[in-house]
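Peer 1: Sharing coords34.txt (compact mmCIF, C-alpha atoms) below.
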```txt
# COMPACT_ATOMS: atom_id res chain seq x y z
CA MET X 1 194.29 216.51 170.89
CA GLN X 2 193.86 213.75 173.44
CA PRO X 3 190.04 213.86 173.33
CA ILE X 4 190.21 213.71 169.52
CA LYS X 5 192.47 210.66 169.62
CA SER X 6 190.13 209.02 172.12
CA ILE X 7 187.20 209.67 169.82
CA GLN X 8 189.17 208.31 166.86
CA ARG X 9 190.02 205.15 168.81
CA ALA X 10 186.39 204.75 169.85
CA LEU X 11 185.25 205.19 166.27
CA GLY X 12 187.87 202.64 165.17
CA TYR X 13 186.59 200.12 167.67
CA LEU X 14 183.03 200.79 166.54
CA VAL X 15 183.90 200.29 162.87
CA PHE X 16 185.77 197.07 163.74
CA ALA X 17 182.80 195.82 165.76
CA LEU X 18 180.40 196.64 162.94
CA MET X 19 182.63 194.87 160.41
CA ALA X 20 182.85 191.83 162.67
CA PHE X 21 179.08 191.85 163.02
CA ILE X 22 178.60 192.15 159.27
CA PHE X 23 180.99 189.36 158.37
CA ILE X 24 180.76 186.98 161.32
CA VAL X 25 177.00 186.89 161.97
CA PRO X 26 176.15 185.51 158.53
CA ILE X 27 178.76 182.79 159.10
CA ILE X 28 177.12 181.88 162.41
CA GLN X 29 173.68 181.89 160.80
CA ALA X 30 174.92 179.68 157.96
CA ALA X 31 176.37 177.07 160.30
CA SER X 32 174.56 173.71 159.95
CA PHE X 33 173.10 171.48 162.61
CA GLU X 34 174.96 168.27 161.84
CA ILE X 35 173.35 164.87 162.29
CA LYS X 36 175.80 161.95 162.26
CA ILE X 37 174.31 158.68 160.97
CA ALA X 38 176.13 155.33 161.04
CA VAL X 39 175.35 152.23 158.99
CA VAL X 40 177.21 148.94 158.55
CA MET X 41 176.50 148.83 154.81
CA PRO X 42 179.43 149.91 152.61
CA GLU X 43 179.62 153.03 150.48
CA GLY X 44 178.10 152.40 147.08
CA SER X 45 175.42 150.06 148.44
CA THR X 46 171.72 150.73 147.93
CA TRP X 47 171.49 151.76 151.58
CA THR X 48 174.20 154.40 151.43
CA LEU X 49 173.24 155.74 148.00
CA THR X 50 169.69 156.28 149.26
CA LEU X 51 170.96 157.88 152.47
CA HIS X 52 173.05 160.34 150.46
CA GLU X 53 169.96 161.27 148.45
CA PHE X 54 168.10 161.79 151.73
CA ALA X 55 170.97 163.94 153.06
CA ASP X 56 170.90 166.13 149.94
CA ALA X 57 167.14 166.56 150.20
CA VAL X 58 167.37 167.54 153.90
CA GLY X 59 170.09 170.08 153.16
CA SER X 60 168.04 171.57 150.33
CA GLU X 61 164.68 171.76 152.13
CA THR X 62 166.16 173.17 155.34
CA GLY X 63 168.15 175.76 153.40
CA GLY X 64 171.37 174.30 154.78
CA ASP X 65 170.23 174.49 158.41
CA VAL X 66 170.57 170.71 158.80
CA ALA X 67 173.42 168.62 157.40
CA ILE X 68 173.55 164.83 157.41
CA LYS X 69 176.96 163.15 157.75
CA ILE X 70 177.06 159.44 156.94
CA TYR X 71 179.51 156.97 158.47
CA ALA X 72 179.27 153.84 156.31
CA GLY X 73 180.87 150.43 156.13
CA GLY X 74 180.94 149.78 159.86
CA VAL X 75 183.61 152.42 160.55
CA SER X 76 181.68 153.27 163.72
CA GLY X 77 181.58 149.65 164.82
CA ASP X 78 178.77 147.11 164.96
CA GLU X 79 175.21 147.86 166.04
CA VAL X 80 176.05 147.58 169.73
CA ASP X 81 178.83 150.15 169.25
CA VAL X 82 176.56 152.50 167.32
CA LEU X 83 173.89 152.39 170.05
CA ARG X 84 176.51 153.07 172.71
CA LYS X 85 177.83 156.08 170.77
CA MET X 86 174.30 157.36 170.26
CA ARG X 87 173.72 157.27 174.01
CA VAL X 88 176.72 159.54 174.62
CA ASN X 89 175.87 161.72 171.59
CA ARG X 90 178.98 160.85 169.57
CA LEU X 91 176.55 159.60 166.93
CA HIS X 92 172.99 160.80 166.55
CA ALA X 93 171.30 158.18 164.37
CA GLY X 94 171.85 154.77 162.83
CA GLY X 95 170.47 152.16 160.49
CA PHE X 96 169.73 148.93 162.36
CA SER X 97 168.74 145.35 161.66
CA GLY X 98 166.15 143.63 163.81
CA VAL X 99 168.99 142.52 166.09
CA GLY X 100 170.02 146.11 166.88
CA LEU X 101 166.44 147.29 167.18
CA GLY X 102 165.74 144.47 169.61
CA LEU X 103 168.52 145.66 171.90
CA VAL X 104 166.45 148.79 172.45
CA LEU X 105 162.95 147.37 172.13
CA PRO X 106 162.75 143.55 172.29
CA GLU X 107 159.09 143.45 171.26
CA ILE X 108 159.91 144.88 167.81
CA ARG X 109 161.13 141.37 166.99
CA VAL X 110 157.51 140.27 166.70
CA LEU X 111 157.89 141.50 163.11
CA GLU X 112 160.43 138.71 162.61
CA ALA X 113 158.27 135.84 163.83
CA PRO X 114 158.76 132.94 161.38
CA LEU X 115 156.16 132.28 158.69
CA LEU X 116 154.16 135.29 159.90
CA PHE X 117 153.97 137.14 156.56
CA ASP X 118 153.04 135.69 153.18
CA SER X 119 153.88 138.73 151.06
CA TYR X 120 155.56 142.13 150.97
CA GLU X 121 152.13 143.73 150.83
CA GLU X 122 151.23 142.21 154.19
CA ILE X 123 154.47 143.55 155.68
CA ASP X 124 153.74 147.05 154.38
CA TYR X 125 150.19 146.98 155.72
CA VAL X 126 151.19 145.89 159.23
CA LYS X 127 154.13 148.29 159.49
CA GLU X 128 152.00 151.23 158.38
CA LYS X 129 149.27 150.38 160.88
CA MET X 130 151.77 149.79 163.70
CA PHE X 131 154.18 152.66 163.04
CA ASP X 132 152.79 155.06 165.65
CA ASN X 133 152.55 152.25 168.20
CA PHE X 134 156.20 151.24 167.82
CA ALA X 135 157.31 154.89 167.55
CA ALA X 136 155.76 155.59 170.97
CA ARG X 137 157.50 152.55 172.46
CA PHE X 138 160.89 153.63 171.07
CA GLU X 139 160.39 157.17 172.35
CA GLU X 140 159.88 155.81 175.86
CA LYS X 141 163.35 154.26 175.49
CA GLY X 142 164.91 157.56 174.38
CA TYR X 143 164.86 157.03 170.61
CA VAL X 144 162.86 158.33 167.67
CA LEU X 145 161.73 155.81 165.06
CA LEU X 146 162.42 157.67 161.82
CA GLY X 147 161.39 155.03 159.32
CA PHE X 148 161.20 151.30 158.72
CA ALA X 149 163.55 149.47 156.38
CA GLU X 150 164.25 145.80 155.80
CA ALA X 151 166.84 143.30 154.62
CA GLY X 152 164.21 141.08 153.01
CA PHE X 153 162.91 137.56 153.43
CA VAL X 154 165.38 135.14 154.98
CA TYR X 155 166.23 131.81 153.34
CA LEU X 156 168.34 128.84 154.49
CA PHE X 157 171.63 128.11 152.70
CA SER X 158 173.86 125.08 153.10
CA ASN X 159 176.78 123.05 151.74
CA GLN X 160 174.71 119.97 152.53
CA PRO X 161 171.47 118.87 150.85
CA ILE X 162 168.52 120.27 152.82
CA ASP X 163 165.67 118.61 150.97
CA SER X 164 164.16 116.98 154.04
CA VAL X 165 163.48 117.81 157.68
CA ASP X 166 166.08 115.28 158.84
CA ARG X 167 168.82 116.62 156.57
CA LEU X 168 168.14 120.20 157.62
CA GLN X 169 168.41 119.19 161.27
CA GLN X 170 171.82 117.62 160.62
CA THR X 171 173.37 120.91 159.48
CA ARG X 172 175.73 123.10 161.50
CA MET X 173 173.87 126.38 161.16
CA TRP X 174 175.31 129.80 161.94
CA VAL X 175 173.37 131.85 164.47
CA TRP X 176 174.10 135.52 165.14
CA LYS X 177 175.77 135.56 168.54
CA GLY X 178 173.49 137.03 171.18
CA ASP X 179 170.40 136.99 168.96
CA ARG X 180 167.71 135.31 171.05
CA VAL X 181 165.18 135.45 168.22
CA ALA X 182 167.42 133.49 165.87
CA GLU X 183 168.30 131.05 168.65
CA ASN X 184 164.60 130.45 169.38
CA PHE X 185 163.93 130.06 165.68
CA LEU X 186 166.59 127.38 165.18
CA ASN X 187 165.67 125.58 168.41
CA ALA X 188 162.03 125.43 167.40
CA PHE X 189 163.02 124.00 164.01
CA GLY X 190 165.33 121.43 165.61
CA VAL X 191 168.46 122.88 164.02
CA GLN X 192 171.77 123.15 165.90
CA GLY X 193 172.99 126.75 166.00
CA TYR X 194 176.66 127.75 166.20
CA PRO X 195 176.99 131.32 167.55
CA LEU X 196 179.29 133.68 165.65
CA GLN X 197 179.43 137.41 165.12
CA LEU X 198 178.40 138.65 161.68
CA ALA X 199 182.01 139.40 160.72
CA ASP X 200 183.08 135.81 161.50
CA VAL X 201 180.63 133.95 159.28
CA ASN X 202 183.01 133.69 156.30
CA THR X 203 185.74 132.29 158.54
CA GLY X 204 183.30 129.81 160.04
CA LEU X 205 182.30 128.61 156.57
CA GLU X 206 185.92 128.39 155.41
CA THR X 207 187.06 126.35 158.41
CA GLY X 208 184.03 124.08 158.46
CA MET X 209 182.91 125.23 161.90
CA ILE X 210 179.56 125.86 160.21
CA ASP X 211 178.23 124.52 156.92
CA SER X 212 174.97 126.46 156.76
CA PHE X 213 173.57 129.94 157.33
CA TYR X 214 170.35 131.94 157.06
CA SER X 215 170.23 135.17 155.10
CA PRO X 216 168.30 137.28 152.63
CA PRO X 217 169.70 136.61 149.13
CA LEU X 218 171.10 140.13 148.87
CA ALA X 219 173.11 139.78 152.07
CA ALA X 220 174.39 136.34 151.02
CA VAL X 221 175.81 137.94 147.87
CA ALA X 222 177.00 141.17 149.49
CA PHE X 223 178.94 139.36 152.24
CA GLN X 224 180.17 136.69 149.78
CA TRP X 225 178.74 133.90 151.93
CA TYR X 226 177.10 132.30 148.89
CA ALA X 227 180.53 131.24 147.60
CA ARG X 228 180.55 128.62 150.39
CA ALA X 229 177.05 127.29 149.75
CA LYS X 230 175.65 124.75 147.29
CA TYR X 231 171.96 124.81 148.17
CA MET X 232 169.25 127.32 149.05
CA LEU X 233 165.91 126.14 150.40
CA ASP X 234 163.49 128.14 148.26
CA PHE X 235 161.10 128.95 151.07
CA PRO X 236 160.98 132.34 152.85
CA MET X 237 161.23 131.72 156.59
CA VAL X 238 161.31 135.16 158.19
CA ASN X 239 161.09 138.77 157.12
CA SER X 240 164.26 140.48 158.32
CA THR X 241 163.17 143.92 159.47
CA GLY X 242 165.19 147.09 159.98
CA ALA X 243 164.79 150.77 160.76
CA LEU X 244 166.47 154.13 161.20
CA LEU X 245 166.62 155.43 164.77
CA MET X 246 167.73 158.81 166.12
CA ASN X 247 168.42 159.63 169.73
CA LYS X 248 165.56 161.64 171.16
CA ARG X 249 167.80 164.40 172.50
CA THR X 250 169.16 165.29 169.06
CA PHE X 251 165.79 165.08 167.34
CA TYR X 252 164.20 167.61 169.70
CA GLU X 253 167.13 169.99 169.36
CA LEU X 254 165.94 170.56 165.80
CA SER X 255 163.47 173.37 165.24
CA PRO X 256 159.85 172.27 164.79
CA ASP X 257 160.01 173.06 161.06
CA ASN X 258 163.20 171.08 160.60
CA ARG X 259 161.81 168.15 162.63
CA GLU X 260 158.86 168.05 160.22
CA ILE X 261 161.18 168.13 157.20
CA VAL X 262 163.48 165.40 158.50
CA SER X 263 160.56 163.17 159.55
CA ARG X 264 158.76 163.55 156.23
CA LEU X 265 161.84 162.98 154.10
CA VAL X 266 163.11 160.01 156.08
CA ARG X 267 159.74 158.27 155.67
CA GLN X 268 159.86 159.01 151.94
CA TYR X 269 163.38 157.70 151.45
CA SER X 270 162.83 154.73 153.76
CA ALA X 271 159.95 153.65 151.51
CA LYS X 272 162.22 154.05 148.48
CA LEU X 273 164.94 152.03 150.19
CA VAL X 274 162.50 149.21 150.92
CA GLN X 275 161.45 149.01 147.28
CA LEU X 276 165.07 149.07 146.06
CA THR X 277 166.05 146.38 148.58
CA ARG X 278 163.26 144.13 147.32
CA LYS X 279 164.40 144.64 143.74
CA ASP X 280 168.01 143.91 144.72
CA ASN X 281 166.95 140.72 146.52
CA ALA X 282 165.15 139.49 143.40
CA GLU X 283 168.26 140.18 141.32
CA ALA X 284 170.44 138.46 143.95
CA VAL X 285 168.42 135.24 143.53
CA LYS X 286 169.39 135.27 139.85
CA VAL X 287 173.03 135.77 140.81
CA LEU X 288 172.85 132.79 143.16
CA SER X 289 171.30 130.59 140.50
CA GLU X 290 173.89 131.64 137.91
CA ALA X 291 176.63 130.87 140.45
CA GLY X 292 175.47 127.26 140.51
CA ILE X 293 173.56 127.28 143.79
CA GLU X 294 170.67 124.85 143.58
CA LEU X 295 167.33 126.31 144.66
CA ILE X 296 165.49 123.45 146.38
CA PRO X 297 161.68 123.68 146.66
CA PRO X 298 160.39 122.45 150.03
CA THR X 299 158.40 119.26 150.17
CA PRO X 300 154.84 119.23 151.56
CA VAL X 301 156.20 117.34 154.56
CA GLN X 302 158.78 120.08 155.18
CA ILE X 303 156.20 122.84 154.90
CA ALA X 304 153.91 121.12 157.40
CA SER X 305 156.85 120.65 159.75
CA PHE X 306 157.87 124.30 159.38
CA LYS X 307 154.36 125.46 160.29
CA ARG X 308 154.39 123.34 163.45
CA SER X 309 157.84 124.64 164.33
CA ALA X 310 156.71 128.24 163.75
CA GLN X 311 153.89 127.75 166.23
CA LYS X 312 156.38 126.34 168.72
CA ASN X 313 158.57 129.41 168.15
CA TYR X 314 155.68 131.76 168.95
CA GLU X 315 155.11 129.95 172.24
CA MET X 316 158.84 130.21 173.07
CA SER X 317 158.85 133.96 172.38
CA ILE X 318 155.78 134.87 174.47
CA PRO X 319 156.14 136.62 176.85
CA SER X 320 159.95 136.69 176.99
CA LEU X 321 160.26 138.81 173.82
CA TYR X 322 156.82 140.12 173.05
CA SER X 323 153.43 139.92 174.68
CA GLN X 324 150.49 137.77 173.65
CA GLU X 325 148.50 140.99 173.25
CA LEU X 326 150.99 142.47 170.76
CA PHE X 327 151.24 139.21 168.82
CA ASP X 328 147.45 138.96 168.62
CA GLN X 329 147.27 142.58 167.46
CA ILE X 330 149.68 141.83 164.58
CA ARG X 331 147.79 138.68 163.60
CA GLY X 332 144.53 140.62 163.78
CA LEU X 333 145.87 143.14 161.25
CA LEU X 334 146.96 140.29 158.98
CA ALA X 335 143.51 138.73 159.20
CA GLU X 336 141.99 142.13 158.44
CA TYR X 337 144.19 142.54 155.36
CA ARG X 338 143.53 139.01 154.09
CA ALA X 339 139.76 139.38 154.60
CA LYS X 340 139.80 142.22 152.08
CA GLY X 341 140.73 139.69 149.43
CA ASN X 342 144.32 140.88 149.04
```
As structure tokens, please, write out the structure in this file.

Peer 2:
Amino acid sequence: MQPIKSIQRALGYLVFALMAFIFIVPIIQAASFEIKIAVVMPEGSTWTLTLHEFADAVGSETGGDVAIKIYAGGVSGDEVDVLRKMRVNRLHAGGFSGVGLGLVLPEIRVLEAPLLFDSYEEIDYVKEKMFDNFAARFEEKGYVLLGFAEAGFVYLFSNQPIDSVDRLQQTRMWVWKGDRVAENFLNAFGVQGYPLQLADVNTGLETGMIDSFYSPPLAAVAFQWYARAKYMLDFPMVNSTGALLMNKRTFYELSPDNREIVSRLVRQYSAKLVQLTRKDNAEAVKVLSEAGIELIPPTPVQIASFKRSAQKNYEMSIPSLYSQELFDQIRGLLAEYRAKGN
């Protein structure tokens, strides 16, 4: 009897093992590779709505192998915090402004040189031509450039009239604390900058510490800064760039097929996000006008002064931020595009 019982026990163990294999293995196979992405934009914004569409597309095309989890509204901290968490793999990717991108790769800020671009089409042309170049530079730093985005053209807002060079230079202008590009920009234009973190701008406007700020129209509305402004100088100063980055370690943990899917889809949805952001900025200008903000056209004297100041800014930024060679390469692409009659 003992041998029979031993055989029965062995068969029982075998059946249990087979059942475990049948039920557990599919669960293991169905488990997703989760990519955690952080953005400062709130849920319901164009950024997050587009990211959720991207996440759904990735899940569908990878058959559930890859899942995207989005941390929105700054719950993961500011851009410095997000980069720090990406380095220790607590987060895997993030959406960044030019400020955050510049913490990794200072020369990317060449795309935010003042008065460099005359149109969105020029921006698109340069970014497409330079994508592989910048992607290689980011990869050397341990990051993968997934796709470009943008906040839009930056304008100057103020409580004070800014219809002349002298009046503009008398303002107390916010400058993003620690942003050398913005500091150089204001210095070159002869404007006094008052450093504050992004979250403190409203307080600064309320207390009178600052009476002016620079921003794309959409951001001025989204952050409610426009409620403290009376004037907007209707002259685009800088294109505020942005991008999605992933840490290199996480990206190469994906299978080759899934890397291709993620890369292709993120480029697709980044392009969509850019177009939606541009549309939202145009609509934000209407909101500003309806709110009573006066859009002031620059005078010829102001425009001439701005061009001289822009040239001064380029000289201040080379080579501390970007090289002469890189700057010339960007300007060469612009000349190439303009020579085609665009």

Peer 1: Excluding Glu140 in chain X and any residue of its chain fewer than 3 positions from it, enumerate the residues within 12 Å of it, using only C-alpha atoms, and give them as a ChimeraX atom specification.

Peer 2: /X:104-105,133-137,143-145,247-248

Peer 1: In terms of the shortest atom-to-atom distance over only C-alpha atoms, which of X:Leu233, X:Ala188, X:Ala149, X:Leu254 is closest to Thr62 in chain X?

Peer 2: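 Selected residue with least distance to Thr62 in chain X: X:Leu254.
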
Peer 1: Applying 7 Å and only C-alpha atoms, which residues near Pro114 in chain X remain after dropping the ones on its own chain fewer than 2 positions away? List them as an mmCIF file with C-alpha atoms, in the coordinates of the input.

Peer 2:
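File written: part21.cif
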```cif
data_model
loop_
_atom_site.group_PDB
_atom_site.id
_atom_site.type_symbol
_atom_site.label_atom_id
_atom_site.label_comp_id
_atom_site.auth_asym_id
_atom_site.auth_seq_id
_atom_site.Cartn_x
_atom_site.Cartn_y
_atom_site.Cartn_z
ATOM 1 C CA GLU X 112 160.430 138.710 162.610
ATOM 2 C CA LEU X 116 154.160 135.290 159.900
ATOM 3 C CA MET X 237 161.230 131.720 156.590
ATOM 4 C CA VAL X 238 161.310 135.160 158.190
ATOM 5 C CA ALA X 310 156.710 128.240 163.750
#
```

Peer 1: Using only C-alpha atoms, which of X:Arg228, X:Arg87, X:Lys272, X:Lys312 sits nearest Thr46 in chain X?

Peer 2: X:Lys272

Peer 1: CA of Arg109 in chain X and CA of Leu326 in chain X, how far apart in Å?

Peer 2: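 Calculated distance between CA of Leu326 in chain X and CA of Arg109 in chain X is 10.9 Å.
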
Peer 1: What is the CA of Asp118 in chain X-CA of Asn239 in chain X distance in Å, reported with one decimal?

Peer 2: 9.5 Å
